[in-house]
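Undergrad: Structure file final.txt, compact mmCIF, C-alpha atoms, is pasted below:
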# COMPACT_ATOMS: atom_id res chain seq x y z
CA MET E 1 -0.57 77.51 17.07
CA THR E 2 -0.83 79.96 19.95
CA GLU E 3 0.00 78.01 23.07
CA LYS E 4 -0.82 78.50 26.72
CA LYS E 5 -0.75 76.18 29.70
CA GLU E 6 -4.12 74.51 30.13
CA ILE E 7 -5.87 73.46 33.30
CA ARG E 8 -8.06 70.52 32.35
CA ILE E 9 -10.93 70.79 34.82
CA THR E 10 -12.94 68.47 32.58
CA GLU E 11 -10.39 65.70 33.24
CA GLN E 12 -10.18 66.09 37.00
CA ASN E 13 -11.35 63.24 39.21
CA SER E 14 -15.02 63.04 40.08
CA SER E 15 -16.04 64.26 43.51
CA TYR E 16 -17.82 60.94 43.99
CA LYS E 17 -16.20 57.60 44.81
CA GLN E 18 -17.17 53.98 44.18
CA LEU E 19 -20.06 54.79 41.86
CA GLU E 20 -20.67 51.10 41.22
CA LYS E 21 -21.68 50.64 44.88
CA MET E 22 -24.36 53.36 44.78
CA SER E 23 -28.03 52.45 44.63
CA THR E 24 -30.04 53.58 41.62
CA SER E 25 -31.67 56.29 43.75
CA MET E 26 -28.30 57.56 44.94
CA LEU E 27 -26.87 57.58 41.40
CA LEU E 28 -29.80 59.63 40.13
CA LYS E 29 -29.74 61.98 43.11
CA ASN E 30 -26.04 62.72 42.69
CA ILE E 31 -26.21 63.16 38.91
CA ASN E 32 -29.11 65.55 39.40
CA LYS E 33 -27.15 67.41 42.07
CA GLU E 34 -24.32 67.97 39.61
CA ASP E 35 -26.68 68.93 36.79
CA LYS E 36 -28.14 71.72 38.93
CA THR E 37 -24.79 73.49 38.89
CA VAL E 38 -24.78 73.89 35.09
CA ALA E 39 -27.31 76.73 34.83
CA ILE E 40 -25.48 78.62 37.58
CA ALA E 41 -22.20 78.32 35.69
CA ILE E 42 -23.88 79.66 32.54
CA GLU E 43 -25.42 82.58 34.41
CA LYS E 44 -21.92 83.78 35.28
CA ILE E 45 -20.93 84.11 31.62
CA LEU E 46 -24.04 85.70 30.10
CA PRO E 47 -22.03 88.78 29.01
CA GLU E 48 -19.72 86.56 26.95
CA ILE E 49 -22.68 84.80 25.35
CA LYS E 50 -24.20 88.19 24.52
CA LYS E 51 -21.04 89.25 22.70
CA THR E 52 -21.17 86.10 20.59
CA VAL E 53 -24.86 86.54 19.73
CA ASP E 54 -24.39 90.18 18.76
CA ALA E 55 -21.33 89.41 16.63
CA ALA E 56 -23.05 86.51 14.88
CA TYR E 57 -26.13 88.65 14.25
CA LEU E 58 -24.03 91.24 12.44
CA GLN E 59 -22.67 88.53 10.14
CA LEU E 60 -26.12 87.09 9.44
CA GLN E 61 -27.36 90.56 8.56
CA LYS E 62 -24.61 90.76 5.96
CA GLY E 63 -25.91 87.59 4.34
CA GLY E 64 -23.48 85.33 6.16
CA ARG E 65 -24.03 81.92 7.71
CA LEU E 66 -23.40 80.44 11.15
CA PHE E 67 -21.16 77.38 11.35
CA TYR E 68 -20.84 75.04 14.32
CA ILE E 69 -17.79 72.79 14.21
CA GLY E 70 -16.85 70.11 16.72
CA ALA E 71 -15.94 66.49 17.34
CA GLY E 72 -17.76 63.70 19.16
CA THR E 73 -20.51 64.87 21.51
CA SER E 74 -19.70 68.52 20.84
CA GLY E 75 -20.00 68.04 17.09
CA ARG E 76 -23.28 66.17 17.44
CA LEU E 77 -24.74 68.93 19.61
CA GLY E 78 -23.87 71.51 16.96
CA ILE E 79 -25.51 69.42 14.26
CA VAL E 80 -28.66 68.99 16.36
CA ASP E 81 -28.97 72.72 16.95
CA ALA E 82 -28.33 73.62 13.30
CA SER E 83 -30.72 70.99 11.98
CA GLU E 84 -33.56 72.15 14.22
CA CYS E 85 -33.54 75.77 13.02
CA PRO E 86 -35.20 75.28 9.60
CA PRO E 87 -38.27 73.36 10.86
CA THR E 88 -38.60 75.47 14.01
CA PHE E 89 -38.09 78.91 12.53
CA GLY E 90 -38.58 78.43 8.79
CA VAL E 91 -35.09 79.58 7.84
CA PRO E 92 -33.38 78.07 4.79
CA HIS E 93 -31.28 74.94 5.17
CA GLY E 94 -27.71 76.16 5.01
CA LEU E 95 -28.13 79.27 7.16
CA PHE E 96 -26.95 77.32 10.21
CA ILE E 97 -24.52 74.51 9.39
CA GLY E 98 -23.19 71.85 11.76
CA ILE E 99 -19.91 70.11 10.92
CA ILE E 100 -18.47 67.13 12.80
CA ALA E 101 -15.02 65.56 12.65
CA GLY E 102 -15.25 62.37 10.61
CA GLY E 103 -18.21 63.55 8.55
CA ASP E 104 -21.87 62.58 8.79
CA LYS E 105 -21.09 58.95 9.64
CA ALA E 106 -19.59 60.22 12.91
CA ILE E 107 -23.03 61.43 14.00
CA ARG E 108 -23.98 57.85 14.87
CA LYS E 109 -20.65 56.11 15.29
CA ALA E 110 -17.31 57.46 16.51
CA VAL E 111 -14.65 57.80 13.82
CA GLU E 112 -11.27 56.95 15.34
CA PHE E 113 -8.71 59.77 15.47
CA ALA E 114 -10.83 62.08 13.29
CA GLU E 115 -10.59 64.81 15.91
CA ASP E 116 -6.77 64.71 15.94
CA ASP E 117 -6.25 66.21 12.47
CA LEU E 118 -5.27 69.87 12.84
CA ASN E 119 -5.97 70.67 9.17
CA GLN E 120 -9.17 68.77 8.39
CA GLY E 121 -11.55 71.18 10.15
CA TRP E 122 -10.63 74.04 7.86
CA LYS E 123 -10.81 71.75 4.83
CA ASP E 124 -14.35 70.82 5.86
CA LEU E 125 -15.29 74.49 6.23
CA LYS E 126 -13.87 75.27 2.80
CA GLU E 127 -16.15 72.60 1.32
CA HIS E 128 -18.95 75.04 2.16
CA LYS E 129 -17.11 77.96 0.51
CA ILE E 130 -16.75 79.76 3.82
CA SER E 131 -16.11 83.50 3.59
CA LYS E 132 -15.51 86.48 5.85
CA LYS E 133 -19.27 87.13 5.87
CA ASP E 134 -19.76 83.95 7.89
CA PHE E 135 -19.33 83.20 11.60
CA VAL E 136 -17.76 80.07 13.09
CA ILE E 137 -18.37 78.65 16.56
CA GLY E 138 -15.97 75.92 17.65
CA ILE E 139 -17.39 73.51 20.21
CA ALA E 140 -15.08 71.38 22.38
CA ALA E 141 -15.47 70.62 26.08
CA SER E 142 -11.71 70.29 26.53
CA GLY E 143 -10.96 73.32 24.36
CA SER E 144 -7.98 71.47 22.90
CA THR E 145 -9.41 69.30 20.10
CA PRO E 146 -6.98 69.75 17.16
CA TYR E 147 -9.72 69.45 14.53
CA VAL E 148 -11.59 72.40 16.05
CA VAL E 149 -8.56 74.46 17.10
CA GLY E 150 -7.08 74.22 13.61
CA ALA E 151 -10.36 75.26 12.02
CA LEU E 152 -10.59 78.41 14.13
CA MET E 153 -6.95 79.29 13.61
CA GLN E 154 -7.42 79.22 9.85
CA ALA E 155 -10.74 81.06 10.09
CA ASN E 156 -8.98 83.85 11.96
CA LYS E 157 -6.25 84.01 9.29
CA ASN E 158 -8.97 84.39 6.67
CA ASN E 159 -10.80 87.14 8.58
CA VAL E 160 -13.77 84.95 9.48
CA PRO E 161 -15.00 85.93 12.97
CA THR E 162 -14.93 83.11 15.51
CA ALA E 163 -16.36 82.07 18.86
CA CYS E 164 -16.07 78.94 20.94
CA ILE E 165 -17.93 77.01 23.62
CA VAL E 166 -15.54 75.26 26.01
CA CYS E 167 -15.59 73.96 29.58
CA ASN E 168 -11.97 74.66 30.60
CA LYS E 169 -10.23 77.94 31.34
CA ASN E 170 -7.45 79.29 29.13
CA SER E 171 -7.76 76.58 26.49
CA LEU E 172 -6.12 76.67 23.08
CA LEU E 173 -9.51 77.02 21.48
CA ALA E 174 -10.46 79.99 23.66
CA ILE E 175 -7.24 81.91 23.00
CA ASN E 176 -7.66 81.29 19.27
CA SER E 177 -11.24 82.59 19.35
CA ASN E 178 -12.53 86.15 18.98
CA PHE E 179 -15.44 85.52 21.34
CA PRO E 180 -14.63 82.74 23.83
CA ILE E 181 -17.41 81.27 25.96
CA GLU E 182 -15.89 79.33 28.87
CA ILE E 183 -18.45 77.42 30.95
CA ILE E 184 -16.69 76.04 34.01
CA VAL E 185 -18.94 73.26 35.30
CA GLY E 186 -16.25 71.38 37.23
CA PRO E 187 -15.35 67.67 37.21
CA GLU E 188 -17.87 65.26 35.74
CA PHE E 189 -19.84 62.74 37.82
CA VAL E 190 -18.02 60.00 35.89
CA THR E 191 -14.43 61.23 35.57
CA GLY E 192 -13.81 62.74 32.14
CA SER E 193 -17.28 61.94 30.75
CA THR E 194 -17.91 65.30 29.13
CA ARG E 195 -21.13 64.08 27.54
CA MET E 196 -22.64 64.81 30.97
CA LYS E 197 -22.40 68.30 32.54
CA SER E 198 -20.19 69.73 29.81
CA GLY E 199 -22.51 68.45 27.10
CA THR E 200 -25.53 69.79 28.94
CA ALA E 201 -23.86 73.18 29.29
CA GLN E 202 -22.98 73.29 25.59
CA LYS E 203 -26.52 72.36 24.61
CA LEU E 204 -28.02 75.08 26.81
CA VAL E 205 -25.70 77.73 25.37
CA LEU E 206 -26.41 76.59 21.80
CA ASN E 207 -30.13 76.93 22.57
CA MET E 208 -29.53 80.46 23.81
CA ILE E 209 -27.46 81.48 20.80
CA SER E 210 -29.72 80.10 18.07
CA THR E 211 -32.99 81.12 19.73
CA SER E 212 -31.77 84.66 20.41
CA LEU E 213 -30.59 84.99 16.80
CA MET E 214 -33.89 83.73 15.42
CA ILE E 215 -35.81 86.23 17.55
CA LYS E 216 -33.51 89.08 16.49
CA LEU E 217 -33.97 88.04 12.85
CA GLY E 218 -37.74 88.39 13.21
CA ARG E 219 -38.59 84.70 13.20
CA VAL E 220 -40.71 84.95 16.36
CA LYS E 221 -43.79 87.13 16.85
CA GLY E 222 -44.72 87.80 20.45
CA ASN E 223 -43.62 84.42 21.76
CA LYS E 224 -44.76 82.27 18.83
CA MET E 225 -42.81 80.43 16.10
CA ILE E 226 -44.82 81.88 13.24
CA ASP E 227 -42.46 80.58 10.54
CA MET E 228 -42.34 76.96 11.69
CA GLN E 229 -42.71 74.28 9.03
CA LEU E 230 -46.04 72.46 9.13
CA SER E 231 -44.46 69.03 9.00
CA ASN E 232 -46.89 67.07 11.19
CA ASN E 233 -50.37 67.21 12.68
CA LYS E 234 -49.12 68.52 16.02
CA LEU E 235 -47.57 71.56 14.34
CA ILE E 236 -50.66 72.13 12.19
CA HIS E 237 -52.74 72.13 15.38
CA ARG E 238 -50.27 74.54 17.02
CA GLY E 239 -50.37 76.85 14.00
CA THR E 240 -54.16 76.76 13.99
CA LYS E 241 -54.21 77.77 17.64
CA MET E 242 -51.80 80.64 16.90
CA LEU E 243 -54.14 81.97 14.22
CA MET E 244 -57.16 81.64 16.49
CA ASP E 245 -55.41 83.67 19.18
CA GLU E 246 -53.92 86.27 16.83
CA LEU E 247 -56.88 86.83 14.52
CA LYS E 248 -59.72 86.04 16.95
CA ILE E 249 -61.29 83.52 14.59
CA ASN E 250 -62.71 80.04 15.16
CA GLU E 251 -60.78 76.81 14.75
CA THR E 252 -62.33 75.79 11.44
CA LYS E 253 -61.57 79.11 9.80
CA ALA E 254 -58.07 79.24 11.27
CA ASN E 255 -57.22 75.72 10.09
CA LYS E 256 -58.51 76.40 6.58
CA LEU E 257 -56.53 79.65 6.41
CA LEU E 258 -53.36 77.96 7.63
CA LEU E 259 -53.52 75.09 5.17
CA LYS E 260 -54.28 77.45 2.30
CA HIS E 261 -51.26 79.70 2.89
CA GLY E 262 -48.83 77.16 4.35
CA SER E 263 -47.49 79.16 7.28
CA VAL E 264 -48.75 81.17 10.23
CA ARG E 265 -46.98 84.32 9.05
CA LYS E 266 -48.41 84.17 5.52
CA ALA E 267 -51.88 83.43 6.85
CA ILE E 268 -51.77 86.43 9.21
CA ASN E 269 -50.49 88.74 6.48
CA LYS E 270 -53.12 87.63 3.95
CA TYR E 271 -55.92 87.89 6.48
CA LYS E 272 -54.83 91.41 7.44
CA GLY E 273 -54.35 92.38 3.81
CA LYS E 274 -50.61 92.95 4.03
Any chance you could give the structure as structure tokens?
TA:
Amino acid sequence: MTEKKEIRITEQNSSYKQLEKMSTSMLLKNINKEDKTVAIAIEKILPEIKKTVDAAYLQLQKGGRLFYIGAGTSGRLGIVDASECPPTFGVPHGLFIGIIAGGDKAIRKAVEFAEDDLNQGWKDLKEHKISKKDFVIGIAASGSTPYVVGALMQANKNNVPTACIVCNKNSLLAINSNFPIEIIVGPEFVTGSTRMKSGTAQKLVLNMISTSLMIKLGRVKGNKMIDMQLSNNKLIHRGTKMLMDELKINETKANKLLLKHGSVRKAINKYKGK
């Protein structure tokens, strides 16, 4: 393992004292004050995020997949982002894959010491027959989680391009990543509780990565999700409205067209004779 001295900003003491003595209003005001700093921290590293998006896009164009791998909150965030892509953008299940230390049961309940196994992350990736066409993003607020660090180390050895999303500078995960994204949000409101600002920062960056990739892959037209799955009445209504706007037709005709063809894209293409 490549080693370098780490500065654990995520473990530094909170700037706030005696939280238990704060009123509800003061608690909310101070948490909100800290949350406001997250977007600013992300703005500073947009060039690094761009590099990751562009590198991942190249892999997806080759027929590769995007893997998120993490533990605890970080792992859950990756799974959420990956699981939302098929219904939102109509891509196949398995194009974006979220993996969490401890397996699916860890999504709801923490699995003790699962994140401490240096070798298990790569074993979990191999279960998906990972190849050099794929792209792996390790997610860990600390940047030192053995499960994630080990996975990226082995990915690098097997010529699988890697990125990471961390909230400390010069972490083991970052120096074992081809495209490190370091979001320095500072100490948490509750000391060490990285489910707060760090988790928010990771979620925002994951949104940016997946949404940008979906747009670049042609899954958005104008500003609309034309490949979304019609899995409930709200989405059917949204799709109907899209067709009304795009094709300049009334609601009844748009709804009938949408239900007949099963997606906004297919309905537009059939209507226009493509």
Undergrad: Would you compute the distance between atom CA of E:Asn13 and atom CA of E:Thr191? Give it in Å to one decimal.
TA: 5.2 Å
Undergrad: For a quick check of understanding, using all atoms listed in the file, which of E:Phe96, E:Glu84, E:Ser142, E:Val160 has the smallest distance to E:Pro187?
TA: E:Ser142
Undergrad: Could you name the residues that touch stretch 196-213 of chain E at 9 Å or less, counting only C-alpha atoms, but leaving out those on the same chain fewer than 2 positions away, as a count of residues only?
TA: 46
Undergrad: Which neighbours of E:Ala106 fall inside 9 Å, counting only C-alpha atoms, when residues of the same chain fewer than 5 positions from it are skipped, and could you give them as an MDAnalysis selection string?
TA: chainID E and resid 71:72 75:76 100:101 111 114
Undergrad: Have a look at atom CA of E:Glu115 and atom CA of E:Tyr147 and let me know their distance in Å, one decimal.
TA: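 A separation of 4.9 Å between them.
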